[in-house]
Structure formats: structure tokens, C-alpha cells
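*Asks:* upload14.cif is the file, holding mmCIF, C-alpha atoms and all ligand atoms:
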data_target
#
loop_
_atom_site.label_atom_id
_atom_site.label_comp_id
_atom_site.auth_asym_id
_atom_site.auth_seq_id
_atom_site.Cartn_x
_atom_site.Cartn_y
_atom_site.Cartn_z
CA MET A 26 37.64 -12.34 -3.41
CA LYS A 27 35.89 -15.63 -2.74
CA ALA A 28 32.47 -16.34 -4.24
CA VAL A 29 30.17 -19.31 -4.65
CA VAL A 30 30.05 -20.02 -8.38
CA VAL A 31 28.14 -22.50 -10.52
CA GLU A 32 30.64 -24.75 -12.28
CA LYS A 33 27.99 -26.08 -14.68
CA PRO A 34 24.21 -25.72 -14.22
CA GLY A 35 22.85 -28.72 -12.36
CA ASP A 36 22.31 -30.08 -8.86
CA GLU A 37 23.71 -28.50 -5.70
CA SER A 38 27.14 -30.11 -6.17
CA ALA A 39 27.65 -27.56 -8.98
CA LEU A 40 28.16 -24.86 -6.31
CA LYS A 41 31.84 -24.28 -5.56
CA LEU A 42 33.73 -21.67 -3.58
CA ALA A 43 36.19 -20.06 -6.00
CA GLU A 44 38.45 -17.03 -6.38
CA VAL A 45 36.87 -14.36 -8.64
CA SER A 46 37.61 -10.70 -9.31
CA GLU A 47 35.96 -8.02 -7.17
CA PRO A 48 32.98 -6.19 -8.66
CA ALA A 49 33.48 -2.57 -9.74
CA ILE A 50 31.01 0.05 -8.50
CA LYS A 51 29.09 2.48 -10.67
CA PRO A 52 28.54 6.09 -9.48
CA ASP A 53 25.22 5.27 -7.76
CA GLU A 54 26.36 2.02 -6.12
CA ILE A 55 27.74 0.89 -2.77
CA LEU A 56 30.37 -1.83 -2.44
CA ILE A 57 29.38 -4.06 0.46
CA ARG A 58 31.72 -6.37 2.39
CA VAL A 59 29.23 -9.24 2.69
CA ARG A 60 28.89 -10.85 6.11
CA ALA A 61 25.77 -12.85 5.28
CA ALA A 62 23.70 -13.58 2.18
CA GLY A 63 20.10 -14.78 2.14
CA VAL A 64 19.26 -17.97 0.23
CA ASN A 65 16.07 -17.86 -1.85
CA ARG A 66 14.06 -20.42 -3.78
CA ALA A 67 14.87 -18.66 -7.06
CA ASP A 68 18.59 -19.27 -6.39
CA ILE A 69 17.94 -22.96 -6.99
CA LEU A 70 16.39 -22.19 -10.38
CA GLN A 71 19.37 -20.00 -11.28
CA ARG A 72 21.79 -22.77 -10.26
CA GLN A 73 19.86 -25.17 -12.50
CA GLY A 74 20.21 -22.73 -15.41
CA PHE A 75 16.51 -21.73 -15.57
CA TYR A 76 16.59 -18.21 -14.11
CA PRO A 77 19.35 -16.05 -15.58
CA PRO A 78 20.10 -12.70 -13.90
CA PRO A 79 18.69 -9.56 -15.55
CA PRO A 80 20.98 -7.96 -18.19
CA GLY A 81 23.96 -6.21 -16.61
CA ALA A 82 23.67 -8.00 -13.25
CA SER A 83 26.34 -10.28 -11.80
CA GLU A 84 26.23 -13.92 -12.91
CA ILE A 85 26.91 -14.92 -9.29
CA ILE A 86 23.82 -16.19 -7.45
CA GLY A 87 22.35 -14.18 -4.56
CA MET A 88 19.68 -11.47 -4.36
CA GLU A 89 20.13 -10.11 -0.81
CA VAL A 90 23.11 -9.38 1.42
CA ALA A 91 24.07 -7.78 4.70
CA GLY A 92 27.45 -6.34 5.62
CA GLU A 93 29.48 -3.12 5.79
CA ALA A 94 29.76 -0.42 3.15
CA VAL A 95 33.44 -0.35 2.10
CA ALA A 96 33.32 1.99 -0.91
CA LEU A 97 30.81 4.45 -2.35
CA GLY A 98 30.21 5.67 -5.90
CA GLU A 99 30.44 9.46 -6.33
CA SER A 100 26.64 9.98 -6.68
CA VAL A 101 25.71 7.99 -3.56
CA LYS A 102 23.83 10.03 -0.94
CA GLY A 103 23.06 9.26 2.69
CA TRP A 104 25.71 6.54 3.16
CA LYS A 105 29.23 6.54 4.55
CA VAL A 106 31.96 3.92 4.59
CA GLY A 107 31.47 1.63 7.58
CA ASP A 108 27.65 1.85 7.62
CA HIS A 109 25.91 -1.49 8.06
CA ALA A 110 23.79 -2.19 4.99
CA MET A 111 21.22 -4.78 3.98
CA ALA A 112 20.50 -4.65 0.28
CA LEU A 113 18.28 -5.95 -2.45
CA ILE A 114 20.50 -6.79 -5.41
CA PRO A 115 19.79 -8.36 -8.81
CA GLY A 116 22.70 -10.80 -8.39
CA GLY A 117 26.14 -11.28 -6.89
CA GLY A 118 25.15 -11.99 -3.28
CA TYR A 119 27.01 -15.27 -2.71
CA ALA A 120 30.36 -13.46 -2.56
CA GLU A 121 32.66 -11.67 -0.13
CA LYS A 122 31.85 -8.39 -1.85
CA ALA A 123 28.72 -7.29 -3.68
CA VAL A 124 27.44 -4.06 -5.22
CA ALA A 125 24.05 -2.52 -4.51
CA HIS A 126 22.30 0.56 -5.83
CA TYR A 127 22.32 2.93 -2.84
CA ARG A 128 18.53 3.33 -2.97
CA SER A 129 18.04 -0.46 -2.86
CA ALA A 130 20.00 -0.61 0.39
CA MET A 131 18.68 -0.07 3.92
CA LYS A 132 20.55 0.68 7.14
CA ILE A 133 20.64 -2.36 9.44
CA PRO A 134 18.90 -1.55 12.73
CA ALA A 135 20.97 -2.23 15.87
CA THR A 136 18.36 -4.82 16.86
CA LEU A 137 19.32 -7.16 14.00
CA SER A 138 22.38 -9.37 13.43
CA PHE A 139 23.98 -9.53 9.98
CA GLU A 140 22.44 -13.01 9.54
CA GLU A 141 18.94 -11.73 10.34
CA ALA A 142 19.43 -8.63 8.18
CA ALA A 143 20.47 -10.80 5.23
CA GLY A 144 17.08 -12.50 5.43
CA ILE A 145 15.10 -9.28 5.05
CA PRO A 146 15.43 -7.48 1.69
CA GLU A 147 14.23 -10.02 -0.88
CA VAL A 148 11.32 -11.49 1.03
CA PHE A 149 10.07 -8.47 3.01
CA LEU A 150 10.21 -6.21 -0.04
CA THR A 151 8.49 -8.83 -2.21
CA VAL A 152 5.70 -9.21 0.34
CA PHE A 153 5.42 -5.44 0.73
CA LEU A 154 5.27 -4.85 -3.03
CA ASN A 155 2.67 -7.52 -3.64
CA PHE A 156 0.34 -7.33 -0.65
CA PHE A 157 0.58 -3.62 0.10
CA MET A 158 1.42 -1.82 -3.16
CA LEU A 159 -0.29 -4.11 -5.72
CA ALA A 160 -3.11 -5.80 -3.80
CA GLY A 161 -3.72 -2.79 -1.54
CA ILE A 162 -4.35 -4.86 1.57
CA LYS A 163 -5.93 -2.87 4.42
CA PRO A 164 -6.24 -3.26 8.19
CA GLY A 165 -9.16 -5.53 9.08
CA GLU A 166 -8.98 -7.46 5.80
CA THR A 167 -8.04 -11.14 5.58
CA ALA A 168 -5.08 -12.48 3.60
CA LEU A 169 -4.07 -15.98 2.51
CA ILE A 170 -0.44 -16.99 1.93
CA HIS A 171 0.68 -20.34 0.58
CA GLY A 172 3.92 -21.75 1.97
CA GLY A 173 3.49 -20.08 5.37
CA GLY A 174 6.81 -21.52 6.56
CA SER A 175 8.80 -20.16 3.60
CA GLY A 176 10.92 -17.03 3.64
CA ILE A 177 8.05 -15.28 1.86
CA GLY A 178 5.45 -16.84 4.17
CA THR A 179 7.16 -15.89 7.43
CA ALA A 180 7.76 -12.32 6.19
CA SER A 181 4.07 -12.12 5.18
CA ILE A 182 2.89 -13.20 8.61
CA GLN A 183 5.01 -10.54 10.31
CA LEU A 184 4.18 -7.64 7.98
CA LEU A 185 0.46 -8.41 7.78
CA LYS A 186 0.04 -8.80 11.55
CA GLU A 187 1.95 -5.54 12.05
CA ALA A 188 -0.62 -3.97 9.66
CA ALA A 189 -3.61 -5.46 11.55
CA VAL A 190 -4.57 -7.90 8.78
CA ARG A 191 -6.07 -11.31 9.59
CA VAL A 192 -3.69 -14.00 8.31
CA ILE A 193 -4.45 -17.47 6.97
CA VAL A 194 -1.56 -19.65 5.76
CA THR A 195 -1.14 -23.06 4.20
CA ALA A 196 1.86 -25.26 5.02
CA GLY A 197 2.91 -28.84 4.39
CA SER A 198 3.06 -30.24 7.95
CA ASP A 199 1.33 -29.85 11.32
CA GLU A 200 4.68 -28.78 12.79
CA LYS A 201 5.05 -25.95 10.26
CA CYS A 202 1.41 -24.96 10.89
CA ASP A 203 2.19 -24.70 14.64
CA GLN A 204 5.27 -22.60 13.90
CA CYS A 205 3.22 -20.28 11.66
CA ARG A 206 0.64 -19.81 14.44
CA LYS A 207 3.41 -19.09 16.96
CA LEU A 208 4.75 -16.43 14.59
CA GLY A 209 1.31 -14.79 14.47
CA ALA A 210 -0.81 -16.52 11.83
CA ASP A 211 -4.48 -16.61 12.87
CA VAL A 212 -5.24 -19.79 10.95
CA ALA A 213 -2.83 -22.40 9.53
CA ILE A 214 -4.06 -25.10 7.16
CA ASN A 215 -2.06 -28.27 6.48
CA TYR A 216 -2.59 -28.55 2.71
CA LYS A 217 -1.56 -32.21 2.81
CA SER A 218 -4.66 -33.03 4.91
CA GLY A 219 -7.14 -32.00 2.20
CA PRO A 220 -7.95 -29.25 -0.31
CA PHE A 221 -7.23 -25.78 1.10
CA ALA A 222 -10.15 -23.86 -0.45
CA PRO A 223 -12.97 -25.38 1.66
CA ALA A 224 -10.80 -24.88 4.78
CA VAL A 225 -10.30 -21.20 3.82
CA ARG A 226 -14.04 -20.76 3.28
CA ALA A 227 -14.72 -22.41 6.67
CA ALA A 228 -12.17 -20.13 8.40
CA THR A 229 -13.89 -17.04 6.95
CA ASP A 230 -17.53 -18.04 7.61
CA GLY A 231 -17.95 -18.70 3.89
CA ARG A 232 -16.89 -15.16 2.89
CA GLY A 233 -13.41 -15.90 1.50
CA VAL A 234 -10.24 -13.80 1.75
CA ASP A 235 -9.49 -10.33 0.41
CA ALA A 236 -6.03 -11.05 -0.98
CA ILE A 237 -3.86 -14.07 -1.76
CA LEU A 238 -0.09 -14.24 -2.30
CA ASP A 239 0.53 -17.34 -4.37
CA SER A 240 3.91 -18.81 -5.24
CA ILE A 241 2.52 -22.21 -6.19
CA GLY A 242 0.55 -21.56 -9.40
CA GLY A 243 -0.61 -24.54 -11.48
CA ALA A 244 -3.45 -26.47 -9.89
CA TYR A 245 -3.72 -23.88 -7.08
CA LEU A 246 -5.38 -21.41 -9.46
CA ALA A 247 -8.83 -22.98 -9.14
CA GLY A 248 -8.61 -23.19 -5.32
CA ASN A 249 -7.34 -19.61 -5.12
CA ILE A 250 -10.28 -18.27 -7.13
CA GLU A 251 -12.64 -20.33 -4.96
CA SER A 252 -11.03 -18.80 -1.83
CA LEU A 253 -11.43 -15.13 -2.82
CA ALA A 254 -14.14 -12.89 -1.38
CA GLN A 255 -16.06 -10.27 -3.38
CA GLY A 256 -13.47 -7.78 -4.68
CA GLY A 257 -10.63 -10.20 -3.89
CA ARG A 258 -7.11 -9.86 -5.30
CA LEU A 259 -4.78 -12.69 -6.32
CA VAL A 260 -1.07 -11.96 -6.74
CA LEU A 261 0.98 -14.64 -8.46
CA ILE A 262 4.70 -14.57 -7.64
CA GLY A 263 5.87 -18.12 -8.29
CA LEU A 264 5.09 -21.32 -10.16
CA MET A 265 6.25 -24.15 -7.91
CA ASN A 266 3.31 -26.31 -9.06
CA GLY A 267 3.53 -25.40 -12.76
CA THR A 268 2.47 -22.79 -15.28
CA ARG A 269 -1.03 -23.99 -16.24
CA GLY A 270 -4.28 -23.96 -14.31
CA GLU A 271 -8.01 -23.68 -14.88
CA LEU A 272 -9.60 -20.27 -14.43
CA ASP A 273 -13.32 -19.89 -13.63
CA LEU A 274 -13.97 -16.66 -15.53
CA ALA A 275 -17.55 -16.51 -14.23
CA ALA A 276 -16.21 -16.20 -10.69
CA VAL A 277 -13.76 -13.48 -11.78
CA LEU A 278 -16.64 -11.57 -13.35
CA ARG A 279 -19.24 -12.06 -10.64
CA ARG A 280 -16.96 -11.39 -7.70
CA HIS A 281 -15.02 -8.49 -9.31
CA LEU A 282 -11.69 -10.27 -8.81
CA LYS A 283 -8.29 -8.91 -9.77
CA ILE A 284 -5.33 -11.07 -10.77
CA PHE A 285 -1.76 -9.71 -10.78
CA GLY A 286 1.52 -11.29 -11.82
CA SER A 287 4.72 -9.84 -10.41
CA THR A 288 8.48 -10.29 -10.20
CA LEU A 289 10.75 -8.06 -8.15
CA ARG A 290 14.15 -8.93 -9.57
CA ASN A 291 13.69 -7.58 -13.10
CA ARG A 292 12.15 -4.26 -12.06
CA SER A 293 14.18 -1.11 -12.72
CA ALA A 294 16.44 0.48 -10.10
CA ALA A 295 13.95 3.39 -9.92
CA GLU A 296 11.02 1.06 -9.16
CA LYS A 297 13.04 -0.80 -6.53
CA ALA A 298 14.00 2.52 -4.94
CA GLN A 299 10.29 3.43 -4.70
CA ILE A 300 9.48 0.07 -3.12
CA VAL A 301 12.28 0.42 -0.55
CA ALA A 302 11.24 3.99 0.31
CA ALA A 303 7.56 3.06 0.70
CA PHE A 304 8.47 0.00 2.78
CA LEU A 305 10.61 2.08 5.14
CA GLU A 306 7.90 4.72 5.43
CA GLN A 307 5.30 2.16 6.51
CA PHE A 308 7.45 -0.35 8.39
CA GLY A 309 10.72 1.45 9.24
CA ALA A 310 9.70 2.02 12.86
CA ALA A 311 8.71 -1.63 13.36
CA LEU A 312 11.99 -2.71 11.77
CA GLU A 313 13.99 -0.36 14.00
CA ALA A 314 12.12 -1.65 17.07
CA GLY A 315 13.08 -5.25 16.23
CA LYS A 316 9.44 -6.26 15.63
CA LEU A 317 10.29 -7.53 12.12
CA ARG A 318 12.83 -10.30 12.33
CA PRO A 319 13.04 -13.28 9.96
CA PRO A 320 13.16 -16.65 11.72
CA ILE A 321 16.59 -18.05 10.84
CA TYR A 322 16.48 -21.80 10.24
CA LYS A 323 20.23 -22.27 9.63
CA VAL A 324 23.34 -20.19 9.11
CA VAL A 325 25.62 -22.13 6.77
CA PRO A 326 29.27 -21.29 5.93
CA ALA A 327 29.58 -20.16 2.30
CA ALA A 328 31.78 -23.16 1.52
CA ASP A 329 28.78 -25.38 2.42
CA ALA A 330 26.42 -23.68 -0.04
CA PRO A 331 25.42 -27.10 -1.45
CA THR A 332 24.05 -28.02 2.00
CA ALA A 333 22.01 -24.81 2.11
CA HIS A 334 20.48 -25.53 -1.29
CA ARG A 335 19.77 -29.15 -0.38
CA MET A 336 17.86 -28.07 2.76
CA MET A 337 15.82 -25.53 0.82
CA GLN A 338 15.00 -27.93 -1.99
CA ALA A 339 13.80 -30.51 0.54
CA SER A 340 11.61 -27.76 2.12
CA GLU A 341 12.79 -28.85 5.56
CA HIS A 342 13.28 -25.26 6.71
CA PHE A 343 11.02 -22.80 8.51
CA GLY A 344 12.01 -19.21 7.73
CA LYS A 345 15.33 -18.30 6.15
CA ILE A 346 18.55 -20.11 5.34
CA VAL A 347 21.56 -17.79 5.32
CA LEU A 348 25.12 -18.16 3.99
CA LYS A 349 27.87 -16.73 6.16
CA PHE A 350 31.10 -15.16 4.89
CA ASP A 351 33.85 -14.68 7.50
N1 LIG B 1 7.94 -12.94 -7.99
C1 LIG B 1 8.78 -12.47 -7.07
O1 LIG B 1 9.14 -11.30 -7.09
C2 LIG B 1 9.28 -13.39 -6.01
C3 LIG B 1 10.19 -12.92 -5.06
C4 LIG B 1 10.60 -13.80 -4.04
C5 LIG B 1 10.12 -15.11 -4.02
N2 LIG B 1 9.27 -15.52 -4.99
C6 LIG B 1 8.74 -16.90 -5.01
O2 LIG B 1 8.12 -17.17 -3.77
C7 LIG B 1 8.24 -18.55 -3.48
C8 LIG B 1 8.80 -18.72 -2.09
O3 LIG B 1 10.15 -18.29 -2.07
P1 LIG B 1 11.05 -18.54 -0.78
O4 LIG B 1 12.42 -18.15 -1.11
O5 LIG B 1 10.36 -17.96 0.37
O6 LIG B 1 10.96 -20.14 -0.74
P2 LIG B 1 11.19 -21.23 0.38
O7 LIG B 1 11.59 -20.59 1.67
O8 LIG B 1 12.03 -22.28 -0.22
O9 LIG B 1 9.75 -21.85 0.60
C9 LIG B 1 8.98 -22.45 -0.36
C10 LIG B 1 7.97 -23.34 0.38
O10 LIG B 1 6.90 -23.68 -0.48
C11 LIG B 1 6.40 -24.94 -0.13
N3 LIG B 1 6.28 -25.72 -1.37
C12 LIG B 1 7.25 -26.12 -2.21
N4 LIG B 1 6.73 -26.76 -3.27
C13 LIG B 1 5.39 -26.75 -3.09
C14 LIG B 1 4.29 -27.24 -3.83
N5 LIG B 1 4.45 -27.88 -5.00
N6 LIG B 1 3.04 -27.06 -3.35
C15 LIG B 1 2.85 -26.39 -2.19
N7 LIG B 1 3.86 -25.90 -1.43
C16 LIG B 1 5.11 -26.08 -1.88
C17 LIG B 1 7.38 -25.59 0.84
O11 LIG B 1 6.81 -25.56 2.13
P3 LIG B 1 5.88 -26.78 2.70
O12 LIG B 1 6.78 -27.61 3.54
O13 LIG B 1 4.85 -26.05 3.45
O14 LIG B 1 5.37 -27.52 1.50
C18 LIG B 1 8.56 -24.65 0.80
O15 LIG B 1 9.22 -24.54 2.03
C19 LIG B 1 9.11 -19.15 -4.59
O16 LIG B 1 8.26 -19.68 -5.57
C20 LIG B 1 9.83 -17.95 -5.14
O17 LIG B 1 10.27 -18.12 -6.46
C21 LIG B 1 8.86 -14.70 -5.98
#
Have the structure of the file written as C-alpha cells, please.

*Replies:*
Amino acid sequence: MKAVVVEKPGDESALKLAEVSEPAIKPDEILIRVRAAGVNRADILQRQGFYPPPPGASEIIGMEVAGEAVALGESVKGWKVGDHAMALIPGGGYAEKAVAHYRSAMKIPATLSFEEAAGIPEVFLTVFLNFFMLAGIKPGETALIHGGGSGIGTASIQLLKEAAVRVIVTAGSDEKCDQCRKLGADVAINYKSGPFAPAVRAATDGRGVDAILDSIGGAYLAGNIESLAQGGRLVLIGLMNGTRGELDLAAVLRRHLKIFGSTLRNRSAAEKAQIVAAFLEQFGAALEAGKLRPPIYKVVPAADAPTAHRMMQASEHFGKIVLKFD
């Protein structure tokens, strides 16, 4: 089969379409004929050699795919050959065939194309895990998401609005702020026009927000703490601005704040199965009805994977970039 491989860790020119052997399935896995694979920020880190796959996972980049089930391990339940699957996988997505644990896969609703479905598992499940399972966000509360135009940001806007949460986002241009508002964000702050924390306080009548999903880290830590309301929760999922920040412990103490760190990829198959099941229980109907649909910025042929990575690294996109396999 064909797969996008990394010749030698480095810039996007390291990505090459090559012939590799097909993956073998274990008893609890599905072999998926990949039609489309979602591109994620972490894929860039893996290409650069900074984010190796968890032990046992494919070395091929790619954490989410959509396509048809073409073979099933003997312990797989609830799936048949030919079913359309979108799956969260620990690696191996940038390939014509990929394996997924059957409980990390979801049926693709008729309302979604393969390209749209490929943009769902990694970001929607990450947002669900962090806002809903860890931070326990509730209807009527207010949430802040940095990078509102990212895959994670656009999934957050859709899931939180579906759950009747007030949504504040930050984004790096007025155009992206407009797009976030069109997608449902109540407030969008251009972080390049000034510090975000005072703008968040102003948008909440000085109260602050109940939960923050932060993929920036570094210098954002101080502003995040400043932006949290009494009892607020901060979930850190990325470090795009670096690993060190200054923490006002007095604010953590006084305002009863909680800080979580979380990664999805290196969780066990059992944990991922729980996340998928809880996600489908809460949002399966909205997904089926076509209310949850990632904005697709570009669908790029697999052979042009370097172009997809270049776009993402330049942050020119709004929503998801997807690789297509014919
Ligand atoms: N822990 C987990 O389980 C987990 C799972 C999935 C994703 N993540 C993390 O979530 C983040 C988003 O992932 P994604 O795939 O959705 O990424 P993405 O679509 O590439 O979006 C990232 C966005 O962040 C903004 N950005 C980049 N550098 C920034 C900086 N220094 N300061 C402020 N904003 C910056 C850019 O938008 P602007 O144009 O607005 O600047 C960019 O479009 C990544 O850090 C990723 O590693 C973590």
C-alpha cells in the first residue's frame, strides 16, 4: 500500500509517498481502507522527530482516519465489512490502510462525507475529554478556548454551543474572529490586538470564565489564571508558546482553581473506548443530525502532504486540513 512516510525528521519536504507493507490486525482491531486522514498540529512535531508514537503504534504519522472497514479481527463486535468508520488511532493514518481498535471507531453518519468524518475523531474527542469529562463544563457556564480557528477550537465551539455553554475564543486575526463568531462563538478576541485576559474579564462583567482549554502554554499561564472565575478549571493540552510560565499560587488558592494536564494519544485503549462511548452518548444524536461538522479548510491529495503541513504550520487555515487517498 501507499503511505506518507518521513524520510528523515525535518521540514515538510521530508514527507514522501512511498510503498510500505500493509498493517496486520489484532483480534480487537478493524482494518480500514482510508479515504481521508485528518492533519493535526502534533503531526508536525512527529515529522520533526519530537513526538514519537506510543509503544506498539505505527511509525506512520496520522491520528484520525475515515474510510471503509475491509477486515475485522475475531473479537470485534458491532462492525461488519463495508461499514463506514471514522477512527481515533495512535498512528498510521497517512496511509491507504490503517488499523483501529473497534471501540475507538465510530460509524460515519450519512450526513458526513469521508473528508468531514476524518476531521472529527482527534479534535472532537480531545475537546470532549477535556471540557466535559475533566473540566466538567455545564450548561450556562462560560468557556474560553485559545486558537478558536484551529481544529480543536472549531470543534470546541460546536460542542460547547450544542451543550448550551457560553463560548469565548481567542484567534490571531479579525478574519478568524469573524469566522469563529459565524460558527457560534459568542465572543472572539483578536489576541494580536492586546492581552486577552482583560478582554475576557470585560466580556464576563469582571467575573471570568469557568473553564479554559489551553494549547498555548508558556506565557499564557498568567493570563489564563487571571481569566478564571471562582472555581474555574484550566486544562492544558498543548505547549505552542513553551513549557514555562509564571503561576500566581495566591489566585489558585483564593479562587479554588483546578489545573489539569492531558494528552489523548497515550491513553490506554480502554480509556479511549470510554471516551468514545461517553461522547456518543452525549453527542451521538447531534452528530447523526449533521449538527457537528468540522469546517474543512482544504482537502489535499496524499502525495501533496508537504503542502498540507506547510499550510498548518503557517496557521493560515480555519478548521481542518485533510489528506485524501483515492
Ligand atoms: N493534549 C491532547 O490530547 C491534544 C490533542 C489534540 C490537539 N492538541 C493540541 O491542541 C493544539 C491545537 O491543535 P490543532 O491540531 O487543532 O492545531 P491547528 O489547527 O494547527 O491550530 C493551532 C492554532 O493555534 C494558533 N497558534 C499557533 N501558535 C500560536 C501561539 N504561539 N500563540 C497563540 N496562538 C497560536 C494558530 O491560530 P491563530 O492564527 O489564531 O494564531 C493556529 O492555527 C495543538 O497544540 C495540539 O498539539 C492536544

*Asks:* Distance limit 7 Å, reference ligand LIG 1 (chain B), atoms considered: all atoms listed in the file. Which residues make the cut? Give them as an MDAnalysis selection string.

*Replies:* chainID A and resid 64:67 147:148 151 171:178 195:198 201 240:241 262:266 287:290 337:338 340:345

*Asks:* Can you tell me, as a ChimeraX atom specification, which residues sit within 12 Å of (20.0, -29.7, 2.0) in the file's frame, using only C-alpha atoms?

*Replies:* /A:36-38,64,69,322-323,325,329-342,346

*Asks:* What would the file look like if the residues just selected were written as a JSON list (two decimals), keeping the file's coordinate frame with C-alpha atoms?

*Replies:*
[["chain", "number", "residue", "atom", "x", "y", "z"],
["A", 36, "ASP", "CA", 22.31, -30.08, -8.86],
["A", 37, "GLU", "CA", 23.71, -28.50, -5.70],
["A", 38, "SER", "CA", 27.14, -30.11, -6.17],
["A", 64, "VAL", "CA", 19.26, -17.97, 0.23],
["A", 69, "ILE", "CA", 17.94, -22.96, -6.99],
["A", 322, "TYR", "CA", 16.48, -21.80, 10.24],
["A", 323, "LYS", "CA", 20.23, -22.27, 9.63],
["A", 325, "VAL", "CA", 25.62, -22.13, 6.77],
["A", 329, "ASP", "CA", 28.78, -25.38, 2.42],
["A", 330, "ALA", "CA", 26.42, -23.68, -0.04],
["A", 331, "PRO", "CA", 25.42, -27.10, -1.45],
["A", 332, "THR", "CA", 24.05, -28.02, 2.00],
["A", 333, "ALA", "CA", 22.01, -24.81, 2.11],
["A", 334, "HIS", "CA", 20.48, -25.53, -1.29],
["A", 335, "ARG", "CA", 19.77, -29.15, -0.38],
["A", 336, "MET", "CA", 17.86, -28.07, 2.76],
["A", 337, "MET", "CA", 15.82, -25.53, 0.82],
["A", 338, "GLN", "CA", 15.00, -27.93, -1.99],
["A", 339, "ALA", "CA", 13.80, -30.51, 0.54],
["A", 340, "SER", "CA", 11.61, -27.76, 2.12],
["A", 341, "GLU", "CA", 12.79, -28.85, 5.56],
["A", 342, "HIS", "CA", 13.28, -25.26, 6.71],
["A", 346, "ILE", "CA", 18.55, -20.11, 5.34]]

*Asks:* What does the distance from CA of Ala188 (chain A) to CA of Ala294 (chain A) come to in Å, to one decimal?

*Replies:*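 Going from CA of Ala188 (chain A) over to CA of Ala294 (chain A) covers 26.5 Å.
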
*Asks:* Do you know which residues are at most 10 Å from region 306-315 of chain A counting only C-alpha atoms, after dropping those on the same chain fewer than 5 positions away, and could you put them as a list in words?

*Replies:*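 Residues near the query, excluding close chain neighbours: Met131, Lys132, Ile133, Pro134, Ala135, Thr136, Leu137, Ile145, Phe153, Phe157, Leu184, Glu187, Ala188, Ile300 and Val301 of chain A.
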
*Asks:* Since we have the selection now, will you write its residues out, keeping C-alpha atoms, as a PDB file, in the frame of the given file?

*Replies:*
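Writing the result to selection-v2.pdb gives the following:
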ATOM      1  CA  MET A 131      18.680  -0.070   3.920  1.00  0.00           C
ATOM      2  CA  LYS A 132      20.550   0.680   7.140  1.00  0.00           C
ATOM      3  CA  ILE A 133      20.640  -2.360   9.440  1.00  0.00           C
ATOM      4  CA  PRO A 134      18.900  -1.550  12.730  1.00  0.00           C
ATOM      5  CA  ALA A 135      20.970  -2.230  15.870  1.00  0.00           C
ATOM      6  CA  THR A 136      18.360  -4.820  16.860  1.00  0.00           C
ATOM      7  CA  LEU A 137      19.320  -7.160  14.000  1.00  0.00           C
ATOM      8  CA  ILE A 145      15.100  -9.280   5.050  1.00  0.00           C
ATOM      9  CA  PHE A 153       5.420  -5.440   0.730  1.00  0.00           C
ATOM     10  CA  PHE A 157       0.580  -3.620   0.100  1.00  0.00           C
ATOM     11  CA  LEU A 184       4.180  -7.640   7.980  1.00  0.00           C
ATOM     12  CA  GLU A 187       1.950  -5.540  12.050  1.00  0.00           C
ATOM     13  CA  ALA A 188      -0.620  -3.970   9.660  1.00  0.00           C
ATOM     14  CA  ILE A 300       9.480   0.070  -3.120  1.00  0.00           C
ATOM     15  CA  VAL A 301      12.280   0.420  -0.550  1.00  0.00           C
TER      16      VAL A 301
END

*Asks:* Of the candidates A:Ala91, A:Val225, A:Ile86, A:Ile55, which shows the shortest atom-to-atom distance to Trp104 (chain A), using all atoms listed in the file?

*Replies:* A:Ile55

*Asks:* Rank A:Leu185, A:Leu274, A:Val106, A:Val59 by their smallest atom-to-atom distance to Ile162 (chain A), using all atoms listed in the file, and report the top residue only.

*Replies:*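 Among the listed residues, the smallest separation from Ile162 (chain A) belongs to A:Leu185.
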
*Asks:* My list of candidates is A:Glu84, A:Glu271, A:Glu93, A:Asp230. Which is closest to Ala244 (chain A) when distances are computed with all atoms listed in the file?

*Replies:*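 Nearest candidate to Ala244 (chain A) out of A:Glu84, A:Glu271, A:Glu93, A:Asp230: A:Glu271.
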
*Asks:* Determine the nearest neighbour of Val101 (chain A) from the options A:Glu200, A:Asp211, A:Glu251, A:Asp53, counting only C-alpha atoms.

*Replies:*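 Among the listed residues, the smallest separation from Val101 (chain A) belongs to A:Asp53.
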
*Asks:* Pull the neighbourhood of (34.4, -2.2, -4.0) for me: all residues within 9 Å in file coordinates, counting all atoms listed in the file, as a PyMOL selection string.

*Replies:* chain A and resi 47-50+55-58+94-97+122-124

*Asks:* Considering only C-alpha atoms, can you say which of A:Ala120, A:Met111, A:Ile237, A:Leu253 comes closest to Met26 (chain A)?

*Replies:* A:Ala120

*Asks:* Within 7 Å of Ala43 (chain A), counting all atoms listed in the file, which residues show up once you throw out same-chain ones fewer than 6 positions away? Write them as a PyMOL selection string, please.

*Replies:* chain A and resi 27-30

*Asks:* Within 10 Å of Asp273 (chain A), counting all atoms listed in the file, which residues qualify if same-chain residues fewer than 3 places away don't, as number ranges by chain?

*Replies:* A: 246-247, 250-251, 270, 276-278

*Asks:* Please identify all polymer residues within 12 Å of Gly35 (chain A), counting all atoms listed in the file, omitting same-chain residues fewer than 6 positions from it, and present them as an MDAnalysis selection string.

*Replies:* chainID A and resid 68:75 331 334

*Asks:* Which distance in Å separates CA of Pro80 (chain A) and CA of Arg292 (chain A), to one decimal?

*Replies:* 11.4 Å

*Asks:* Of the candidates A:Gln183, A:Ser46, A:Ser293, A:Gln299, which one gets nearest to Met158 (chain A) if we count only C-alpha atoms?

*Replies:* A:Gln299

*Asks:* Report the distance between CA of Arg258 (chain A) and CA of Phe285 (chain A) in Å, rounded to one decimal place.

*Replies:* 7.7 Å
